[in-house]
Structure formats: structure tokens, C-alpha cells
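Student: Below you'll find coords_34.cif; it's mmCIF, C-alpha atoms.
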data_model
#
loop_
_atom_site.label_atom_id
_atom_site.label_comp_id
_atom_site.auth_asym_id
_atom_site.auth_seq_id
_atom_site.Cartn_x
_atom_site.Cartn_y
_atom_site.Cartn_z
CA ARG A 19 0.00 0.00 0.00
CA ALA A 20 2.84 2.39 0.83
CA THR A 21 4.44 1.70 -2.55
CA ASN A 22 1.14 2.30 -4.32
CA ARG A 23 0.67 5.59 -2.48
CA GLU A 24 4.18 6.66 -3.45
CA LEU A 25 3.55 5.76 -7.09
CA GLU A 26 0.25 7.66 -7.05
CA SER A 27 2.03 10.67 -5.58
CA LEU A 28 4.71 10.52 -8.29
CA ASP A 29 2.03 10.25 -10.97
CA LYS A 30 0.31 13.33 -9.57
CA LEU A 31 3.60 15.26 -9.52
CA LYS A 32 4.24 14.25 -13.13
CA ASP A 33 0.73 15.31 -14.16
CA ASP A 34 1.08 18.64 -12.33
CA PHE A 35 4.46 19.20 -13.97
CA MET A 36 3.16 18.47 -17.47
CA SER A 37 0.13 20.68 -16.87
CA SER A 38 2.35 23.55 -15.76
CA VAL A 39 4.74 23.16 -18.71
CA THR A 40 1.83 23.03 -21.16
CA HIS A 41 0.33 26.18 -19.66
CA GLU A 42 3.63 28.05 -19.79
CA LEU A 43 4.23 27.01 -23.41
CA ARG A 44 0.72 27.92 -24.56
CA THR A 45 0.93 31.66 -23.81
CA PRO A 46 4.02 32.56 -25.90
CA LEU A 47 2.98 30.18 -28.67
CA THR A 48 -0.43 31.86 -28.87
CA SER A 49 1.20 35.29 -29.06
CA ILE A 50 3.65 34.22 -31.77
CA ARG A 51 0.88 32.73 -33.88
CA ALA A 52 -1.37 35.78 -33.47
CA PHE A 53 1.31 38.28 -34.50
CA ALA A 54 2.47 36.09 -37.40
CA GLU A 55 -1.10 35.74 -38.70
CA LEU A 56 -1.67 39.49 -38.48
CA MET A 57 1.43 40.16 -40.58
CA ARG A 58 0.54 37.40 -43.06
CA ASP A 59 -3.02 38.62 -43.54
CA ASP A 60 -2.11 42.28 -43.97
CA PRO A 61 0.64 42.65 -46.61
CA GLN A 62 0.08 46.43 -46.57
CA MET A 63 0.76 46.73 -42.84
CA ASP A 64 2.60 49.85 -41.81
CA ALA A 65 6.36 49.19 -41.63
CA ALA A 66 6.66 50.53 -38.08
CA GLN A 67 3.85 48.30 -36.84
CA ARG A 68 5.30 45.29 -38.64
CA GLN A 69 8.64 45.96 -36.97
CA GLN A 70 6.90 46.19 -33.60
CA PHE A 71 5.15 42.87 -34.14
CA LEU A 72 8.40 41.23 -35.25
CA GLY A 73 10.06 42.49 -32.07
CA LEU A 74 7.28 40.92 -29.98
CA VAL A 75 7.65 37.63 -31.87
CA VAL A 76 11.39 37.63 -31.09
CA GLU A 77 10.71 38.36 -27.40
CA GLU A 78 8.19 35.53 -27.13
CA THR A 79 10.58 33.16 -28.94
CA GLU A 80 13.32 34.03 -26.47
CA ARG A 81 10.86 33.42 -23.63
CA LEU A 82 10.11 29.97 -25.06
CA SER A 83 13.83 29.21 -25.29
CA ARG A 84 14.36 30.20 -21.66
CA LEU A 85 11.49 27.99 -20.57
CA VAL A 86 12.72 24.94 -22.51
CA ASN A 87 16.31 25.43 -21.30
CA GLN A 88 15.22 25.77 -17.68
CA VAL A 89 12.95 22.73 -17.86
CA LEU A 90 15.82 20.68 -19.30
CA ASP A 91 18.22 22.09 -16.72
CA MET A 92 15.91 21.18 -13.86
CA ALA A 93 15.30 17.70 -15.26
CA LYS A 94 19.04 17.02 -15.55
CA ILE A 95 19.77 18.26 -12.05
CA GLU A 96 16.95 16.24 -10.49
CA ALA A 97 18.05 13.13 -12.41
CA GLY A 98 21.61 13.53 -11.15
CA GLN A 99 22.88 14.12 -14.69
CA GLY A 100 23.86 17.78 -14.38
CA GLN A 101 27.37 18.75 -15.40
CA TRP A 102 29.36 20.40 -12.63
CA ARG A 103 32.79 22.00 -12.46
CA ASN A 104 35.06 22.81 -9.55
CA ASP A 105 36.54 26.30 -9.96
CA GLU A 106 38.43 28.52 -7.58
CA ILE A 107 35.92 31.35 -7.06
CA ASP A 108 36.45 34.88 -5.78
CA LEU A 109 32.97 35.64 -4.42
CA ARG A 110 33.61 39.40 -4.51
CA GLU A 111 34.35 39.24 -8.22
CA LEU A 112 31.39 36.92 -8.80
CA ILE A 113 28.99 39.40 -7.17
CA ALA A 114 30.44 42.28 -9.21
CA HIS A 115 29.94 40.26 -12.41
CA ALA A 116 26.33 39.44 -11.54
CA VAL A 117 25.52 43.07 -10.68
CA GLN A 118 27.05 44.26 -13.95
CA THR A 119 25.18 41.61 -15.95
CA THR A 120 21.81 42.69 -14.54
CA SER A 121 22.53 46.44 -14.48
CA GLN A 122 20.34 47.20 -17.48
CA LEU A 123 17.32 45.64 -15.75
CA PHE A 124 17.74 48.03 -12.84
CA ARG A 125 18.37 51.05 -15.07
CA GLU A 126 15.08 50.34 -16.83
CA ARG A 127 13.31 50.33 -13.45
CA GLY A 128 15.12 53.42 -12.18
CA ALA A 129 16.50 51.28 -9.36
CA THR A 130 19.85 51.19 -7.60
CA VAL A 131 21.99 48.26 -6.45
CA GLY A 132 24.44 48.45 -3.58
CA VAL A 133 27.02 45.90 -2.44
CA GLN A 134 28.23 45.37 1.11
CA GLN A 135 31.15 42.99 1.55
CA PRO A 136 34.39 42.55 3.48
CA GLU A 137 37.71 43.59 1.98
CA SER A 138 38.61 39.96 1.37
CA VAL A 139 37.12 36.48 1.70
CA PRO A 140 38.60 33.00 1.26
CA THR A 141 38.44 31.36 -2.15
CA LEU A 142 35.47 29.06 -2.62
CA ARG A 143 35.69 25.88 -4.65
CA ALA A 144 32.51 25.32 -6.68
CA ASP A 145 31.06 25.77 -10.19
CA ARG A 146 31.46 29.45 -11.07
CA ASP A 147 28.91 29.47 -13.90
CA ARG A 148 26.28 27.78 -11.74
CA LEU A 149 26.74 30.20 -8.83
CA LEU A 150 26.65 33.12 -11.26
CA GLN A 151 23.34 31.70 -12.49
CA VAL A 152 22.03 31.75 -8.90
CA LEU A 153 23.03 35.37 -8.32
CA ILE A 154 21.60 36.53 -11.65
CA ASN A 155 18.34 34.73 -10.86
CA LEU A 156 18.04 36.47 -7.49
CA LEU A 157 18.96 39.89 -8.85
CA SER A 158 16.61 39.51 -11.82
CA ASN A 159 13.77 38.59 -9.46
CA ALA A 160 14.49 41.62 -7.30
CA ALA A 161 14.47 43.88 -10.38
CA LYS A 162 10.94 42.68 -11.23
CA PHE A 163 9.45 43.60 -7.87
CA VAL A 164 11.17 46.78 -6.69
CA PRO A 165 9.10 49.97 -7.09
CA ARG A 166 9.76 51.78 -10.35
CA GLY A 167 11.84 54.92 -9.85
CA ASP A 168 12.58 54.19 -6.19
CA GLY A 169 13.85 50.60 -6.20
CA ARG A 170 16.74 49.65 -3.96
CA VAL A 171 18.54 46.33 -3.82
CA THR A 172 21.43 45.47 -1.53
CA VAL A 173 23.73 42.49 -2.02
CA THR A 174 25.53 41.54 1.18
CA LEU A 175 28.41 39.08 1.49
CA ARG A 176 29.41 37.79 4.91
CA SER A 177 32.01 35.22 5.84
CA ASP A 178 32.82 33.14 8.90
CA ALA A 179 34.93 30.07 9.55
CA ARG A 180 32.25 27.68 8.28
CA ALA A 181 30.68 29.31 5.25
CA ALA A 182 30.04 32.34 3.07
CA THR A 183 26.56 33.88 3.16
CA ILE A 184 25.11 36.05 0.40
CA GLU A 185 21.89 38.05 0.77
CA VAL A 186 19.90 39.86 -1.92
CA ARG A 187 17.52 42.27 -0.20
CA ASP A 188 14.98 44.50 -1.98
CA ASN A 189 12.46 47.16 -1.00
CA GLY A 190 9.60 45.65 -2.99
CA PRO A 191 6.20 44.60 -1.65
CA GLY A 192 7.53 41.44 -0.03
CA VAL A 193 6.16 37.93 -0.31
CA PRO A 194 2.79 37.15 1.32
CA ALA A 195 3.04 34.70 4.21
CA GLU A 196 0.88 32.10 2.42
CA GLN A 197 3.27 32.09 -0.55
CA GLN A 198 6.54 31.86 1.35
CA GLN A 199 6.40 28.07 1.76
CA LEU A 200 5.64 27.63 -1.95
CA ILE A 201 8.01 30.14 -3.54
CA PHE A 202 10.70 27.50 -4.19
CA ASP A 203 8.27 25.05 -5.81
CA LYS A 204 8.49 24.56 -9.57
CA PHE A 205 6.38 26.99 -11.62
CA ARG A 206 5.40 28.98 -8.53
CA GLN A 207 5.83 32.74 -8.78
CA GLY A 208 5.45 35.53 -6.26
CA GLY A 209 3.19 38.51 -6.67
CA SER A 210 -0.55 38.82 -6.89
CA ALA A 211 -2.48 37.10 -9.66
CA THR A 212 -3.25 40.48 -11.25
CA ASN A 213 0.30 41.85 -10.94
CA ARG A 214 2.65 38.96 -11.59
CA PRO A 215 5.78 39.55 -13.69
CA GLN A 216 6.53 37.25 -16.59
CA GLY A 217 8.75 34.30 -15.82
CA THR A 218 8.95 30.53 -15.89
CA GLY A 219 8.74 29.94 -12.14
CA LEU A 220 11.86 27.77 -12.37
CA GLY A 221 14.61 30.23 -11.45
CA LEU A 222 14.29 29.84 -7.68
CA PRO A 223 13.90 26.02 -7.65
CA ILE A 224 16.97 25.66 -9.90
CA SER A 225 18.93 28.12 -7.75
CA ARG A 226 18.11 26.21 -4.58
CA LYS A 227 19.13 22.90 -6.21
CA ILE A 228 22.47 24.41 -7.23
CA VAL A 229 23.16 25.75 -3.74
CA GLU A 230 22.20 22.45 -2.12
CA HIS A 231 24.46 20.58 -4.54
CA PHE A 232 27.42 22.39 -2.98
CA GLY A 233 26.31 21.63 0.57
CA GLY A 234 24.57 24.96 1.18
CA ARG A 235 21.00 26.07 1.78
CA MET A 236 18.77 28.86 0.47
CA TRP A 237 15.96 30.63 2.30
CA LEU A 238 13.61 33.58 2.17
CA THR A 239 12.92 36.20 4.83
CA SER A 240 10.07 38.57 4.09
CA HIS A 241 7.48 40.70 5.84
CA PRO A 242 4.73 41.93 3.50
CA GLY A 243 5.22 45.59 2.68
CA GLN A 244 8.84 45.53 3.88
CA GLY A 245 10.61 43.87 0.98
CA ALA A 246 12.11 40.42 0.58
CA CYS A 247 15.52 38.97 1.35
CA PHE A 248 16.67 35.85 -0.48
CA ALA A 249 19.81 34.42 1.06
CA PHE A 250 22.03 31.38 0.72
CA ASP A 251 25.13 30.05 2.35
CA LEU A 252 27.92 27.92 0.93
CA PRO A 253 30.31 25.98 3.18
CA TRP A 254 34.02 26.35 2.46
CA GLN A 255 34.35 22.57 2.69
CA HIS A 256 31.97 20.14 1.00
CA ASP A 257 32.07 16.63 -0.43
CA GLU A 258 33.81 17.13 -3.79
CA GLU A 259 32.89 13.62 -4.90
CA GLU A 260 29.24 14.71 -5.04
CA THR A 261 30.01 17.72 -7.24
CA ARG A 262 31.59 15.80 -10.10
#
Write out the structure in this file as C-alpha cells.
Tutor:
Amino acid sequence: RATNRELESLDKLKDDFMSSVTHELRTPLTSIRAFAELMRDDPQMDAAQRQQFLGLVVEETERLSRLVNQVLDMAKIEAGQGQWRNDEIDLRELIAHAVQTTSQLFRERGATVGVQQPESVPTLRADRDRLLQVLINLLSNAAKFVPRGDGRVTVTLRSDARAATIEVRDNGPGVPAEQQQLIFDKFRQGGSATNRPQGTGLGLPISRKIVEHFGGRMWLTSHPGQGACFAFDLPWQHDEEETR
């Protein structure tokens, strides 16, 4: 009976996963088809409008690509088939790279990003590209939710003898209490149903999997109306056999 219950639970998870993927695929595909049909059916369409529609088609195509890549990435990680490297990482440099990479997102929102960190930290051994992916995910999420024109995000790096801790804190609306336990689930996104930014809902689950792979943990601290703080720690020492 226990085995049957476990199999039924796995079947339900699979069905929920497929339902979520199908839903996420349907929206950009519908947009692409609609814009393509409009351009096909109106050969005399104004050049500026045609260019606008083509731009939207490109954006939706890129959104599809991100979704497919993240679904594949999550599937590989969960199946234990992800590819991992062991690099010598300067966390200060990694944070600077992530902030620079996402700077345009914050400029578009009229938001600022500050960094608080010690003058030096030990070198961490992990996969640089994967940890950069985590930081970019957290910064990109913060950029979506900070108030336009008055957004503030602070990235804080702390270090002790056991681990390094990185926090990404914003002054957005925060995450409602009922969503905080679900925010790391696949295809779950924060924000109200009427004001939810576009996204796949896979960035946070993938980020948590990456952090856990290197022996760390990720968590959220948030009080509605007072912003959100996503944080993770990474131990200086972890089982390198598991990261190969």
C-alpha cells in the first residue's frame, strides 16, 4: 500500500508538472501565432507596426527558449545528470559580475543596487557558472518587484569560519506569508495574480538545487510591505565527490 501511495504521488507530480509546462508554453505560442497571422493577412501593414510585431515575436521566442532550457536544466539536475565543475571562485568578483550583468534591468526600473562585503574572503571551490546563475536569478527577481523609480537592492556578502553567506535584499512589496512556503516550488511565482511579472517559475527552484548541490542552503525572509531577502550560504568545505 505504501508503494502504491508513493507511485500515485509521483504520478500526480508528473501530471502537475506536465500541466504547468503546457500552460507556460501555450501563452508565448499563442502570441507568436497571433502576430504572425496578423502580418501574413495584412501585406500592406505599416512598416513601423510590422517591426513592432516582429520584435514581440522575437521576445516571445526568447521566452520559449528560456522555458525549454530551464525545464531541461531542472530535469538534468533532479536526475543527477547535471554537469558540474570545480573552480576557484572569488565571491567578490562573482557578485560584481552578476551586478554588472543585470545592471540594465535596474536602469530600466530606475532602481539602484548596492554591495556590502568585506575587503577579502577566502576562495570558494565550486562551479562558477552555476553560482553566477544563482546570483543573476536572485537579482533579476528583485528587479521585477522593486518599485519603479525608487527601487533599492542590496547584495551583502558575509564570511565566517564555516561558510560564506550572500543576501539579496529589496524594497519591494515582499512575499505574502501564504506564498513563502511555496516560492521555491516549480512553476510557482510571487506577486498577486493580477500583478505577476513574466517568468517561468523555475529560477528559484533551480537556484536552490544548485546551492544544495554544494552543501549549502537557500531561504527567504520577508514581511509583506517591507521587501524580501533571499539568502544562501555555501560551506568552504563540502564533499567534492558529489560535485563531479
Student: Let me make sure I understand: among A:Arg103, A:Val173, A:Ser138, A:Gln244, which one has the smallest atom-to-atom distance to Phe232 in chain A if we use only C-alpha atoms?
Tutor: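 Among the listed residues, the smallest separation from Phe232 in chain A belongs to A:Arg103.
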Student: For the PyMOL selection byres ((chain A and resi 254) around 8), applied here, can you spell out every residue it catches as a PyMOL selection string?
Tutor: chain A and resi 142-143+180-182+252-253+255-256
Student: In Å, rounded to a single decimal, give me how far CA of Ala160 in chain A is from CA of Val75 in chain A.
Tutor: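 Atom-to-atom, CA of Val75 in chain A and CA of Ala160 in chain A are spaced 25.8 Å apart.
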Student: With distances taken over only C-alpha atoms, which residue among A:Arg127, A:His231, A:Arg148, A:His115 lies nearest Phe163 in chain A?
Tutor: A:Arg127
Student: Apply the PyMOL selection byres ((chain A and resi 107) around 10) to the structure shown and report the selected residues as a PyMOL selection string.
Tutor: chain A and resi 104-106+108-112+140-147+149
Student: What is the CA of Thr120 in chain A to CA of Trp102 in chain A distance in Å?
Tutor: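 Atom-to-atom, CA of Thr120 in chain A and CA of Trp102 in chain A are spaced 23.6 Å apart.
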Student: From the set A:Gln67, A:Thr48, A:Thr239, A:Gln101, which residue has the shortest atom-to-atom contact distance to Thr79 in chain A, counting all atoms listed in the file?
Tutor: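 Of all the options, A:Thr48 lies closest to Thr79 in chain A.
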Student: May I have the residues at most 12 Å from (8.3, 32.9, -24.8) in the file's coordinates, counting all atoms listed in the file, as an MDAnalysis selection string?
Tutor: chainID A and resid 41:51 74:87 216:218
Student: Could you list, as a PyMOL selection string, every residue within 8 Å of Ile184 in chain A, counting all atoms listed in the file and ignoring same-chain residues fewer than 2 positions away?
Tutor: chain A and resi 173-176+182+186+249-251
Student: Run the PyMOL selection byres ((chain A and resi 100) around 12) against the file shown and list the residues it catches, as a list of chain:residue names.
Tutor: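 On this input, the PyMOL selection byres ((chain A and resi 100) around 12) captures A:Leu90, A:Asp91, A:Met92, A:Ala93, A:Lys94, A:Ile95, A:Glu96, A:Ala97, A:Gly98, A:Gln99, A:Gln101, A:Trp102, A:Arg103, A:Asp145, A:Arg148, A:Ile224, A:Lys227, A:Ile228, A:His231, A:Glu260, A:Thr261, A:Arg262.
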Student: Can you measure CA of Gln88 in chain A to CA of Leu220 in chain A for me? One decimal in Å is fine.
Tutor: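 These atoms are spaced 6.6 Å apart.
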